[in-house]
There are 2 protein chains.
Amino acid sequence: MREIAIIGIGQTKIHEHWERSIRDLAGEAFFAALKDARRESVEALFLGNMLSGLIDQQNNLGTVVADWVGLKGEATKIESACSSGASAFRAGIIAVASGEIDSAMVVGVEKMTDAAPTEVTSALATAADSDWELEQGISFVGLNALIMRRYMYEYGWKHEDFAPFSINSHANAIHNPYARLPFAISAKQYTNSAMIAAPINLMDASPTGDGAAAALIVPFESVRGDKQAVQIAGSGAATDTISVHSRKTPLFLQAAYLSVERAYAQAGVAPDDIDFFELHDAFSIMTALSLEACGFAEKGQGPRLGLDDEIKIKGGRIPICTRGGLKARGHPVGATGMYQIVESVQQLRGECGETQVDGAKIGMAQNIGGSGASILTHILKIA
Amino acid sequence: MREIAIIGIGQTKIHEHWERSIRDLAGEAFFAALKDARRESVEALFLGNMLSGLIDQQNNLGTVVADWVGLKGEATKIESACSSGASAFRAGIIAVASGEIDSAMVVGVEKMTDAAPTEVTSALATAADSDWELEQGISFVGLNALIMRRYMYEYGWKHEDFAPFSINSHANAIHNPYARLPFAISAKQYTNSAMIAAPINLMDASPTGDGAAAALIVPFESVRGDKQAVQIAGSGAATDTISVHSRKTPLFLQAAYLSVERAYAQAGVAPDDIDFFELHDAFSIMTALSLEACGFAEKGQGPRLGLDDEIKIKGGRIPICTRGGLKARGHPVGATGMYQIVESVQQLRGECGETQVDGAKIGMAQNIGGSGASILTHILKIA
């Protein structure tokens, strides 16, 4: 396998794009990345998307988007629920690293606001186990609520101890022009927001939205010396049981652990080497579990990092969600993994202005599908 | 990229499996292939499926099946409508050929009979262009009917000239224990069967069904000398416009041409070297177009091969659909591409009994998604 790099990135604002189609959003990110890379074409498209079949009555979306952008090469759509973006990214990585192709555009795209909220909730529930979880009437947020409740009971945390995670994501999103919710929230707002599925309230949960993000992968050798090039140093993927109840414990993200260990080994780094971490804060409980599985906190001690200001961009040990995370940048599910990659590239290029992590050289992104069922971790770096 | 081979295959009968879940079907094919390969585990799963989100309310099916079979490695679901199976196969090929992993199980699976026929028709329509075709009220079979009508007008063929394609597929399916419709049909039955969308009648169209097929890919070096090993010699993928009306001509499968040219080049072979061809006879018109795009007939002359007995196993120039094709083996959409691969392996191993192509050394399989929108071609061989 040869070394590879990202040479271009693009993204749309995450928003309620009523007037635009899903292919149009994907196209915007595609062409933005192409322009950013100063290129005119690519060989292949890898597209991450979860819901176009259910919400837009459109399958074969890889081909639809390839057609829209004028690409006649191959197009592959990959779906692994909310980790679809990172799954597509990994497929693009392998295709270019193998030598099979010399350029791959990876696009994550989702358009969720064309359906009624109840339909979206039903559609998102397909990320859980249809036969053994959904049949019982539970929703996806309900599953996460059970995990959070158990975690609080087991380790003695109070709901307000999770507040720093959401406050941090919102504070960072203010400076991200592509963010869905670019405004600050206070501890009081966090505590007083509407309950969704106890103990998860509105400020523990990430918003849906429409959006697309893209990155162009090429052989590193072809762009060596280009200041814009960001190397892909590690890629790990793993799965866990699809049902939460089938796990030995619902309080440890085994697939996060397995995937990050692979990524660390491939990149030859350890948690201490990571300068920032774009993690999957779909719900605030997932932030805690992700930090723990990746070696930044002991089991059950994730919230401590928030309370001790260790997740902050200025002075924190491990800055997270530097562009707003899922909580405030937004969570257009199949696109999210690619937003994380695009944002990591922005950090490593030093393009993040007020939310720049000073001297960032190694960044990590982790994307979760289902309730921790499929997890992919990527490590990016600059020379 | 290193050389790779298929060392194990498995499949379920295509049927109305009312009593079984989609993961159960996928598991049967998975374990059959594992047993056939005399192995106990694999590193990764690549799963092709089109409709589980729409019909089974289950997304992230790669992870669901990985969980079901006890795999904790990575699992990737790939969807490209009716070519999902071959798309997953190609992803598995690249992953093993690259050296990233040393064994990949590729499973194609579909469960279609849990939904009402009208729901299935709606679900299948998502393979066409939702915004620019379906909005006009046309169905997927309707699109193929327009293509067939134009083809008959343009080249002067009568409906009955397509009969040999369907008769051949049914004749071959009799000897395939996994086939959906293992019975012969006569020319009269072909002509008199119920009209679906003129000029396509029931005997021009392939049946839906539930089924799964799997193949285990490993490095060729690790199985050199094993008589069961079948090499993967060529893999090509290409896309065309998603809408039929956007093409310069609806009567030439441009993506088939591009993908087969890549596969021929990679394998270092030409049409004359192909001993049999498992093509995508979802509708009889597709048989003609596929034969033409792949160099077996001049444009507009595909039906001639059927009329002249050139597609027959005994004595034909290019035997097709040797195990029944989509028409009679059945078309569980996202699984079909993997059935074609499994059947090609059976031929190359000499396991096809009465439908064995004598001395077959090189076989080709072609899987089509949408109305010719995404097409993958694979060439397999034995030493």
# chains A, B, ... in the order shown; residues from 1 in each chain; ligands from 1

$ closest_atom_pairs --of "chain B" --to "chain A" --cutoff "7 Å" --atoms "only C-alpha atoms" --output "CSV"
residue,atom,partner,partner_atom,distance
B:Met1,CA,A:Ser98,CA,6.1
B:Gly53,CA,A:Thr126,CA,6.7
B:Leu54,CA,A:Leu54,CA,6.0
B:Gln57,CA,A:Thr126,CA,5.3
B:Gln58,CA,A:Thr126,CA,4.6
B:Asn59,CA,A:Thr126,CA,5.0
B:Asn60,CA,A:Ser80,CA,4.3
B:Thr63,CA,A:Thr239,CA,6.3
B:Val64,CA,A:Ile242,CA,5.7
B:Asp67,CA,A:Thr241,CA,5.1
B:Lys72,CA,A:Thr239,CA,5.2
B:Gly73,CA,A:Ala238,CA,5.0
B:Glu74,CA,A:Ala238,CA,4.4
B:Ala75,CA,A:Thr239,CA,6.8
B:Thr76,CA,A:Ser80,CA,6.8
B:Lys77,CA,A:Glu79,CA,5.5
B:Ile78,CA,A:Ile78,CA,4.6
B:Glu79,CA,A:Lys77,CA,5.5
B:Ser80,CA,A:Asn60,CA,4.3
B:Ala81,CA,A:Asn60,CA,5.1
B:Ile94,CA,A:Ala95,CA,6.3
B:Ala95,CA,A:Ile94,CA,6.3
B:Ser98,CA,A:Ser98,CA,4.3
B:Gly99,CA,A:Met1,CA,6.7
B:Thr126,CA,A:Gln58,CA,4.6
B:Ala127,CA,A:Asn59,CA,5.3
B:Asp129,CA,A:Gln58,CA,6.9
B:Ser130,CA,A:Gln58,CA,5.5
B:Ala237,CA,A:Glu74,CA,5.2
B:Ala238,CA,A:Glu74,CA,4.4
B:Thr239,CA,A:Lys72,CA,5.2
B:Asp240,CA,A:Lys72,CA,6.1
B:Thr241,CA,A:Asp67,CA,5.1
B:Ile242,CA,A:Val64,CA,5.7
B:Ala373,CA,A:Thr63,CA,6.8
B:Ser374,CA,A:Thr63,CA,6.4

$ write_last_selection --atoms "N, CA and C atoms" --output "mmCIF file, in the first residue's frame"
data_model
loop_
_atom_site.group_PDB
_atom_site.id
_atom_site.type_symbol
_atom_site.label_atom_id
_atom_site.label_comp_id
_atom_site.auth_asym_id
_atom_site.auth_seq_id
_atom_site.Cartn_x
_atom_site.Cartn_y
_atom_site.Cartn_z
ATOM 1 N N MET B 1 -0.651 -4.101 -6.456
ATOM 2 C CA MET B 1 -1.774 -4.971 -6.098
ATOM 3 C C MET B 1 -1.350 -6.434 -6.316
ATOM 4 N N GLY B 53 -33.337 -1.189 3.974
ATOM 5 C CA GLY B 53 -33.858 0.009 4.648
ATOM 6 C C GLY B 53 -35.333 0.207 4.350
ATOM 7 N N LEU B 54 -35.708 0.025 3.091
ATOM 8 C CA LEU B 54 -37.092 0.269 2.674
ATOM 9 C C LEU B 54 -38.025 -0.873 3.047
ATOM 10 N N GLN B 57 -36.864 -2.096 7.237
ATOM 11 C CA GLN B 57 -36.591 -1.047 8.235
ATOM 12 C C GLN B 57 -35.262 -1.320 8.942
ATOM 13 N N GLN B 58 -34.292 -1.806 8.177
ATOM 14 C CA GLN B 58 -32.994 -2.129 8.755
ATOM 15 C C GLN B 58 -31.893 -1.554 7.884
ATOM 16 N N ASN B 59 -31.213 -0.534 8.403
ATOM 17 C CA ASN B 59 -29.997 -0.065 7.751
ATOM 18 C C ASN B 59 -28.793 -0.637 8.487
ATOM 19 N N ASN B 60 -27.610 -0.180 8.102
ATOM 20 C CA ASN B 60 -26.365 -0.693 8.687
ATOM 21 C C ASN B 60 -26.337 -2.221 8.619
ATOM 22 N N THR B 63 -23.158 -4.365 9.434
ATOM 23 C CA THR B 63 -22.900 -4.597 10.853
ATOM 24 C C THR B 63 -23.871 -5.622 11.425
ATOM 25 N N VAL B 64 -25.116 -5.558 10.987
ATOM 26 C CA VAL B 64 -26.125 -6.523 11.456
ATOM 27 C C VAL B 64 -25.694 -7.948 11.118
ATOM 28 N N ASP B 67 -22.518 -9.045 13.024
ATOM 29 C CA ASP B 67 -22.921 -9.420 14.384
ATOM 30 C C ASP B 67 -23.520 -10.825 14.387
ATOM 31 N N LYS B 72 -16.168 -9.578 14.372
ATOM 32 C CA LYS B 72 -15.969 -8.272 15.014
ATOM 33 C C LYS B 72 -15.057 -7.370 14.175
ATOM 34 N N GLY B 73 -14.665 -7.841 13.030
ATOM 35 C CA GLY B 73 -13.835 -7.021 12.146
ATOM 36 C C GLY B 73 -14.692 -5.957 11.495
ATOM 37 N N GLU B 74 -14.192 -5.358 10.434
ATOM 38 C CA GLU B 74 -14.986 -4.327 9.804
ATOM 39 C C GLU B 74 -16.050 -4.930 8.906
ATOM 40 N N ALA B 75 -17.101 -4.173 8.712
ATOM 41 C CA ALA B 75 -18.201 -4.607 7.858
ATOM 42 C C ALA B 75 -18.680 -3.404 7.055
ATOM 43 N N THR B 76 -18.777 -3.584 5.767
ATOM 44 C CA THR B 76 -19.130 -2.475 4.892
ATOM 45 C C THR B 76 -20.304 -2.862 4.023
ATOM 46 N N LYS B 77 -21.349 -2.044 4.032
ATOM 47 C CA LYS B 77 -22.473 -2.304 3.134
ATOM 48 C C LYS B 77 -22.408 -1.370 1.949
ATOM 49 N N ILE B 78 -22.574 -1.949 0.789
ATOM 50 C CA ILE B 78 -22.492 -1.173 -0.438
ATOM 51 C C ILE B 78 -23.785 -1.326 -1.209
ATOM 52 N N GLU B 79 -24.244 -0.215 -1.745
ATOM 53 C CA GLU B 79 -25.525 -0.234 -2.461
ATOM 54 C C GLU B 79 -25.385 0.506 -3.779
ATOM 55 N N SER B 80 -25.708 -0.164 -4.847
ATOM 56 C CA SER B 80 -25.790 0.490 -6.148
ATOM 57 C C SER B 80 -26.961 -0.140 -6.904
ATOM 58 N N ALA B 81 -28.103 -0.135 -6.237
ATOM 59 C CA ALA B 81 -29.325 -0.726 -6.794
ATOM 60 C C ALA B 81 -29.066 -2.190 -7.139
ATOM 61 N N ILE B 94 -10.631 -5.089 -3.968
ATOM 62 C CA ILE B 94 -9.633 -4.035 -3.756
ATOM 63 C C ILE B 94 -9.023 -4.145 -2.360
ATOM 64 N N ALA B 95 -9.863 -4.468 -1.370
ATOM 65 C CA ALA B 95 -9.360 -4.557 0.003
ATOM 66 C C ALA B 95 -8.326 -5.669 0.155
ATOM 67 N N SER B 98 -5.126 -5.032 -2.208
ATOM 68 C CA SER B 98 -4.277 -3.942 -1.707
ATOM 69 C C SER B 98 -3.325 -4.409 -0.622
ATOM 70 N N GLY B 99 -3.672 -5.502 0.052
ATOM 71 C CA GLY B 99 -2.874 -5.942 1.186
ATOM 72 C C GLY B 99 -3.408 -5.431 2.517
ATOM 73 N N THR B 126 -36.735 3.071 -6.885
ATOM 74 C CA THR B 126 -35.701 3.970 -6.362
ATOM 75 C C THR B 126 -34.366 3.775 -7.074
ATOM 76 N N ALA B 127 -34.286 2.763 -7.944
ATOM 77 C CA ALA B 127 -33.082 2.568 -8.762
ATOM 78 C C ALA B 127 -33.060 3.545 -9.935
ATOM 79 N N ASP B 129 -34.207 7.472 -11.633
ATOM 80 C CA ASP B 129 -34.014 8.851 -11.186
ATOM 81 C C ASP B 129 -35.299 9.358 -10.532
ATOM 82 N N SER B 130 -35.236 9.553 -9.234
ATOM 83 C CA SER B 130 -36.424 9.951 -8.480
ATOM 84 C C SER B 130 -36.987 11.287 -8.957
ATOM 85 N N ALA B 237 -15.543 -1.260 -13.421
ATOM 86 C CA ALA B 237 -16.794 -0.617 -13.006
ATOM 87 C C ALA B 237 -16.921 0.709 -13.737
ATOM 88 N N ALA B 238 -18.142 1.038 -14.104
ATOM 89 C CA ALA B 238 -18.375 2.330 -14.762
ATOM 90 C C ALA B 238 -19.816 2.757 -14.547
ATOM 91 N N THR B 239 -20.058 4.044 -14.743
ATOM 92 C CA THR B 239 -21.417 4.552 -14.611
ATOM 93 C C THR B 239 -21.832 5.288 -15.881
ATOM 94 N N ASP B 240 -23.131 5.420 -16.033
ATOM 95 C CA ASP B 240 -23.706 6.207 -17.126
ATOM 96 C C ASP B 240 -24.674 7.203 -16.480
ATOM 97 N N THR B 241 -25.388 7.964 -17.257
ATOM 98 C CA THR B 241 -26.399 8.847 -16.678
ATOM 99 C C THR B 241 -27.425 7.984 -15.960
ATOM 100 N N ILE B 242 -27.980 8.510 -14.881
ATOM 101 C CA ILE B 242 -28.988 7.732 -14.153
ATOM 102 C C ILE B 242 -30.296 7.706 -14.945
ATOM 103 N N ALA B 373 -27.312 2.203 -15.503
ATOM 104 C CA ALA B 373 -26.631 3.356 -14.908
ATOM 105 C C ALA B 373 -25.289 2.993 -14.258
ATOM 106 N N SER B 374 -25.244 1.872 -13.551
ATOM 107 C CA SER B 374 -23.980 1.445 -12.942
ATOM 108 C C SER B 374 -23.753 -0.015 -13.319
#

$ residues_around --residues "B:Val42" --least-positions-apart "4" --cutoff "12 Å" --atoms "only C-alpha atoms" --output "VMD selection string"
chain B and resid 7 to 8 30 to 31 33 to 35 37 to 38 46 66 69 to 75 92 96 101 to 106 215 to 218

$ write_last_selection --atoms "C-alpha atoms" --output "mmCIF file, in the first residue's frame"
data_model
loop_
_atom_site.group_PDB
_atom_site.id
_atom_site.type_symbol
_atom_site.label_atom_id
_atom_site.label_comp_id
_atom_site.auth_asym_id
_atom_site.auth_seq_id
_atom_site.Cartn_x
_atom_site.Cartn_y
_atom_site.Cartn_z
ATOM 1 C CA ILE B 7 -11.513 -20.037 -2.272
ATOM 2 C CA GLY B 8 -15.068 -20.623 -1.067
ATOM 3 C CA PHE B 30 -21.712 -16.810 4.709
ATOM 4 C CA PHE B 31 -21.254 -20.078 6.581
ATOM 5 C CA ALA B 33 -18.813 -20.252 1.819
ATOM 6 C CA LEU B 34 -16.695 -20.506 4.953
ATOM 7 C CA LYS B 35 -17.250 -24.254 5.077
ATOM 8 C CA ALA B 37 -13.277 -22.820 1.931
ATOM 9 C CA ARG B 38 -12.507 -25.071 4.926
ATOM 10 C CA PHE B 46 -18.451 -6.663 2.389
ATOM 11 C CA ALA B 66 -21.334 -9.263 10.940
ATOM 12 C CA VAL B 69 -22.150 -14.438 12.118
ATOM 13 C CA GLY B 70 -19.921 -13.463 15.041
ATOM 14 C CA LEU B 71 -17.496 -11.234 13.163
ATOM 15 C CA LYS B 72 -15.969 -8.272 15.014
ATOM 16 C CA GLY B 73 -13.835 -7.021 12.146
ATOM 17 C CA GLU B 74 -14.986 -4.327 9.804
ATOM 18 C CA ALA B 75 -18.201 -4.607 7.858
ATOM 19 C CA GLY B 92 -13.715 -6.853 -1.377
ATOM 20 C CA VAL B 96 -7.607 -7.922 -0.374
ATOM 21 C CA ILE B 101 -6.688 -7.319 4.693
ATOM 22 C CA ASP B 102 -5.997 -10.982 3.983
ATOM 23 C CA SER B 103 -9.521 -12.338 3.709
ATOM 24 C CA ALA B 104 -12.820 -10.781 2.737
ATOM 25 C CA MET B 105 -16.206 -12.430 2.673
ATOM 26 C CA VAL B 106 -18.510 -10.796 0.182
ATOM 27 C CA ALA B 215 -17.688 -15.731 -1.912
ATOM 28 C CA LEU B 216 -14.496 -15.665 0.126
ATOM 29 C CA ILE B 217 -11.601 -13.710 -1.390
ATOM 30 C CA VAL B 218 -7.997 -14.394 -0.347
#

$ atom_distance --atom1 "atom CA of B:Asp275" --atom2 "atom CA of B:His175"
19.2 Å

$ atom_distance --atom1 "atom CA of B:Ala282" --atom2 "atom CA of B:Pro164"
14.7 Å

$ closest_residue --among "B:Asp309, B:Gln356, B:Gly324, B:Arg224" --to "B:Ala383" --atoms "only C-alpha atoms"
B:Arg224

$ closest_residue --among "A:Val244, A:Ala179, A:Ile185, A:Ala194" --to "A:Leu146" --atoms "only C-alpha atoms"
A:Val244

$ atom_distance --atom1 "atom CA of A:Lys312" --atom2 "atom CA of A:Gln231"
24.6 Å

$ residues_around --residues "A:Leu253" --least-positions-apart "6" --cutoff "7 Å" --atoms "only C-alpha atoms" --output "VMD selection string"
chain A and resid 289 to 290 293 372

$ select_by_dssp --residues "stretch 168-229 of chain A" --states "helix (DSSP H, G or I)" --output "short mmCIF file (atom, residue, chain, number, x, y, z; two decimals) with N, CA and C atoms, in the first residue's frame"
data_model
loop_
_atom_site.label_atom_id
_atom_site.label_comp_id
_atom_site.auth_asym_id
_atom_site.auth_seq_id
_atom_site.Cartn_x
_atom_site.Cartn_y
_atom_site.Cartn_z
N ASN A 168 -19.01 23.43 25.08
CA ASN A 168 -17.78 23.51 24.27
C ASN A 168 -18.08 23.44 22.78
N SER A 169 -18.94 22.49 22.39
CA SER A 169 -19.26 22.35 20.97
C SER A 169 -19.93 23.61 20.43
N HIS A 170 -20.87 24.14 21.19
CA HIS A 170 -21.55 25.37 20.75
C HIS A 170 -20.58 26.55 20.69
N ALA A 171 -19.70 26.66 21.66
CA ALA A 171 -18.74 27.77 21.67
C ALA A 171 -17.85 27.73 20.43
N ASN A 172 -17.46 26.54 20.04
CA ASN A 172 -16.60 26.41 18.86
C ASN A 172 -17.36 26.65 17.55
N ALA A 173 -18.62 26.27 17.53
CA ALA A 173 -19.41 26.40 16.30
C ALA A 173 -19.62 27.85 15.89
N ALA A 187 -24.70 27.13 30.84
CA ALA A 187 -24.97 25.96 31.67
C ALA A 187 -26.46 25.91 32.04
N LYS A 188 -27.03 27.08 32.24
CA LYS A 188 -28.45 27.14 32.61
C LYS A 188 -29.34 26.69 31.44
N GLN A 189 -28.98 27.15 30.25
CA GLN A 189 -29.74 26.72 29.08
C GLN A 189 -29.64 25.21 28.89
N TYR A 190 -28.44 24.70 29.13
CA TYR A 190 -28.24 23.25 29.02
C TYR A 190 -29.19 22.52 29.97
N THR A 191 -29.19 22.95 31.20
CA THR A 191 -29.99 22.26 32.22
C THR A 191 -31.49 22.39 31.98
N ASN A 192 -31.90 23.57 31.51
CA ASN A 192 -33.33 23.83 31.40
C ASN A 192 -33.95 23.45 30.06
N LEU A 202 -32.67 18.28 25.06
CA LEU A 202 -32.35 18.83 23.74
C LEU A 202 -30.89 19.24 23.61
N MET A 203 -30.29 19.67 24.70
CA MET A 203 -28.90 20.13 24.64
C MET A 203 -27.88 18.99 24.79
N ASP A 204 -28.37 17.78 25.00
CA ASP A 204 -27.49 16.60 24.93
C ASP A 204 -27.47 16.01 23.52
N PHE A 220 0.29 10.29 -1.92
CA PHE A 220 1.07 11.34 -1.27
C PHE A 220 2.26 11.76 -2.13
N GLU A 221 2.85 10.78 -2.81
CA GLU A 221 4.03 11.07 -3.63
C GLU A 221 3.73 12.16 -4.66
N SER A 222 2.50 12.18 -5.17
CA SER A 222 2.14 13.13 -6.22
C SER A 222 1.97 14.55 -5.70
N VAL A 223 1.88 14.72 -4.37
CA VAL A 223 1.65 16.06 -3.81
C VAL A 223 2.67 16.40 -2.72
#

$ residues_around --residues "A:Tyr339" --least-positions-apart "6" --cutoff "8 Å" --atoms "only C-alpha atoms" --output "list of chain:residue names"
A:Gln11, A:Gly108, A:Ala212, A:Ala213, A:Ala214

$ residues_around --residues "stretch 363-366 of chain B" --least-positions-apart "2" --cutoff "6 Å" --atoms "only C-alpha atoms" --output "MDAnalysis selection string"
chainID B and resid 274:279 340 376:380

$ write_last_selection --atoms "C-alpha atoms" --output "JSON list (two decimals), in the first residue's frame"
[["chain", "number", "residue", "atom", "x", "y", "z"],
["B", 274, "ILE", "CA", -14.60, -15.94, -22.72],
["B", 275, "ASP", "CA", -16.00, -19.44, -22.28],
["B", 276, "PHE", "CA", -19.30, -18.38, -20.69],
["B", 277, "PHE", "CA", -21.00, -15.17, -19.68],
["B", 278, "GLU", "CA", -23.29, -14.73, -16.68],
["B", 279, "LEU", "CA", -25.11, -11.62, -17.80],
["B", 340, "GLN", "CA", -23.38, -14.58, -10.81],
["B", 376, "LEU", "CA", -19.62, -3.90, -13.13],
["B", 377, "THR", "CA", -17.90, -6.66, -15.04],
["B", 378, "HIS", "CA", -15.70, -9.36, -13.54],
["B", 379, "ILE", "CA", -13.57, -11.98, -15.23],
["B", 380, "LEU", "CA", -12.65, -15.16, -13.39]]
